[in-house]
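I have placed the structure first, in the form of structure tokens, so that the comments after it can refer back to it.
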Amino acid sequence: MLPTLPDGDERELESSEEGGGAGEERRPERHGSTYHSLYGYRSRRSSPRGAADGGDGSPSSAVAGSPNSEDFSLSLLDTNLPAEAETELRSFIAKRLTKGALFEGMGNVASVGLSIPEYKVGCYYCRFQQENLEMATLESDINTPEYVVCFLGGSEKGLELYPYLYLLELDKYIQSLKINPGLEQKTLETYVNPYLRSWFENTICPIQRVVQLFQEKLVFLLHAALSYTPVEVKNADERTEKDISRFLAAASLQGLVQEGTMTSLCLAMTEEQHKSMIIDCSGPQPQLHNAGSNRFCEDWMHAFVNGAEGGNPFLFRQILENFKLKAIQDINNLKRFIRQAEMNHYALFRCYMFLKNCGSGDILLKIVKVEHAEMPEARNVVTVLEEFMRETSVA
């Protein structure tokens, strides 16, 4: 069951710290529309003057009646929201600023009700700076340009339900946005506006596009990510290559296992196989060479393919997180059995049966072998298990 949240006008979910072509692609199915808004933010704590117009001529707004409305102003730079909805969003952001809930460079997600067809949508919002050495000055009343960006919509089961899955992705996306302080309308139309409009396609949809492109062959990508197998992509367009790279990174256990273990495992897999998995995207369907698979990855591949029928791009990331969670649970279970097997022969048999039935015994054994390399007793258990697994595979 996917998690659900109770209704509420403004449920704020704070950011948590611990995230050549391949043929004609099926366009991701969208649920609802996606929106964006970009504001210039100016703190006026050093100047008690009232609201002033933004530098580009667009009206700035400090929400009337807010306790510290004289402390800052928001000037609209770009949006695709209707005028009434944009005013409501600006009021929402101003309240967050008044409460001190926007930290520079750290996004948040909330559910917001606006005058749009979807009414209640997930909203990512972030305050950020654009460093510009040319504008450095000793004058205290001139600050580094700051902005507030908002991304909204996509699905009723979207950002507000799975905020922790996308905060880091969206934070990185904002960091790549370059804005010149003397922002001209031409720059807005040719670079900033297209970049902001593409937030959903570039941050939410890559996993969905990979699932739709590979279909049943996704099993090989899952196996490569889980086993730390090097992957080489050939004859793919730039977006497809980036999508595959992001999928592999999101599906790997990086950050969930010890860093030293991951590094050693990558080296071990590279030395053992001497070959990378090759993905050739020169045809209508990708062709894979030197690919591996197991029953565990096959089962999860079906979960992805079946999920594609619903068309909700947010669902695929949740499935991917569940895939990694199950892999970590299996690793921890195997490590517990190995500790027991150091003193109990029956536990050794339980280790063997677990490896045989879990569907990913080949990968799990390699992972625990690296982790237990400096533990003689555990290493002996792993050696015996490797012999059992080899004998059964030959038989």
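By order in the structure tokens, chains are A, B, ...; within a chain, residues start at 1; ligands start at 1, following the order shown.
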
Within 9 Å of Val148 (chain A), counting only C-alpha atoms, which residues show up once you throw out same-chain ones fewer than 5 positions away? Write them as a list in words, please. Ser37, Leu38, Tyr39, Gly40, Tyr41, Leu74, Ile93, Tyr125, Cys126, Arg127, Phe128 and Gln129 of chain A

Residues from the last selection, N, CA, C and O atoms, saved as an mmCIF file, in the first residue's frame:
```
data_model
loop_
_atom_site.group_PDB
_atom_site.id
_atom_site.type_symbol
_atom_site.label_atom_id
_atom_site.label_comp_id
_atom_site.auth_asym_id
_atom_site.auth_seq_id
_atom_site.Cartn_x
_atom_site.Cartn_y
_atom_site.Cartn_z
ATOM 1 N N SER A 37 6.424 29.001 -10.929
ATOM 2 C CA SER A 37 6.496 30.438 -10.703
ATOM 3 C C SER A 37 7.886 30.788 -10.203
ATOM 4 O O SER A 37 8.467 30.044 -9.402
ATOM 5 N N LEU A 38 8.411 31.904 -10.690
ATOM 6 C CA LEU A 38 9.716 32.391 -10.257
ATOM 7 C C LEU A 38 9.552 33.816 -9.751
ATOM 8 O O LEU A 38 8.981 34.665 -10.446
ATOM 9 N N TYR A 39 10.062 34.081 -8.558
ATOM 10 C CA TYR A 39 9.954 35.398 -7.943
ATOM 11 C C TYR A 39 11.341 35.937 -7.602
ATOM 12 O O TYR A 39 12.224 35.173 -7.195
ATOM 13 N N GLY A 40 11.502 37.217 -7.766
ATOM 14 C CA GLY A 40 12.653 37.885 -7.186
ATOM 15 C C GLY A 40 12.342 38.180 -5.724
ATOM 16 O O GLY A 40 11.252 38.654 -5.397
ATOM 17 N N TYR A 41 13.278 37.879 -4.857
ATOM 18 C CA TYR A 41 13.076 38.083 -3.411
ATOM 19 C C TYR A 41 14.059 39.129 -2.925
ATOM 20 O O TYR A 41 15.263 39.041 -3.190
ATOM 21 N N LEU A 74 8.287 40.388 -2.903
ATOM 22 C CA LEU A 74 8.339 39.348 -3.926
ATOM 23 C C LEU A 74 7.913 39.960 -5.247
ATOM 24 O O LEU A 74 6.813 40.508 -5.356
ATOM 25 N N ILE A 93 3.547 31.735 -0.260
ATOM 26 C CA ILE A 93 4.999 31.848 -0.105
ATOM 27 C C ILE A 93 5.344 32.955 0.893
ATOM 28 O O ILE A 93 6.257 32.820 1.717
ATOM 29 N N TYR A 125 8.842 24.380 -3.163
ATOM 30 C CA TYR A 125 9.266 25.778 -3.166
ATOM 31 C C TYR A 125 10.637 25.890 -2.512
ATOM 32 O O TYR A 125 10.967 25.159 -1.577
ATOM 33 N N CYS A 126 11.447 26.802 -3.044
ATOM 34 C CA CYS A 126 12.829 26.919 -2.592
ATOM 35 C C CYS A 126 13.324 28.351 -2.786
ATOM 36 O O CYS A 126 13.048 28.979 -3.821
ATOM 37 N N ARG A 127 14.028 28.859 -1.811
ATOM 38 C CA ARG A 127 14.698 30.163 -1.916
ATOM 39 C C ARG A 127 16.165 29.910 -2.241
ATOM 40 O O ARG A 127 16.804 29.058 -1.622
ATOM 41 N N PHE A 128 16.699 30.612 -3.217
ATOM 42 C CA PHE A 128 18.081 30.366 -3.619
ATOM 43 C C PHE A 128 18.738 31.664 -4.057
ATOM 44 O O PHE A 128 18.074 32.654 -4.369
ATOM 45 N N GLN A 129 20.067 31.643 -4.089
ATOM 46 C CA GLN A 129 20.863 32.796 -4.482
ATOM 47 C C GLN A 129 21.596 32.510 -5.778
ATOM 48 O O GLN A 129 21.830 31.363 -6.130
#
```

Pick out each residue of region 182-386 of chain A that DSSP on the backbone tags as helix (DSSP H, G or I); I need them as a ChimeraX atom specification. /A:185-197,199-203,206-227,238-251,259-273,295-307,313-341,345-357,361-371,376-386

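Across the model, the gap from CA of Glu241 (chain A) to CA of Gly107 (chain A) is 27.0 Å.
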
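Of the residues listed (A:Leu226, A:Ile319, A:Val109, A:Cys123), A:Val109 shows the shortest atom-to-atom separation from Leu167 (chain A); distances use only C-alpha atoms.
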
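For Glu169 (chain A), the list of residues within 10 Å, based on only C-alpha atoms and with local chain neighbours fewer than 4 positions off taken out, reads Gly19, Tyr164, Leu165, Tyr173, Ile174, Asn202, Thr203 and Ile204 of chain A.
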
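Between Cys297 (chain A) and the candidates A:Ser91, A:Asn108, A:Thr98, A:Ser360, the tightest atom-to-atom separation, counting only C-alpha atoms, involves A:Ser360.
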
Please compute the CA of Glu160 (chain A)-CA of Leu177 (chain A) distance, one decimal, in Å. 23.1 Å

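Compared by their closest atoms to Ala110 (chain A), and using only C-alpha atoms, the residues A:Pro286, A:Pro206, A:Pro145, A:Gly158 rank with A:Gly158 nearest.
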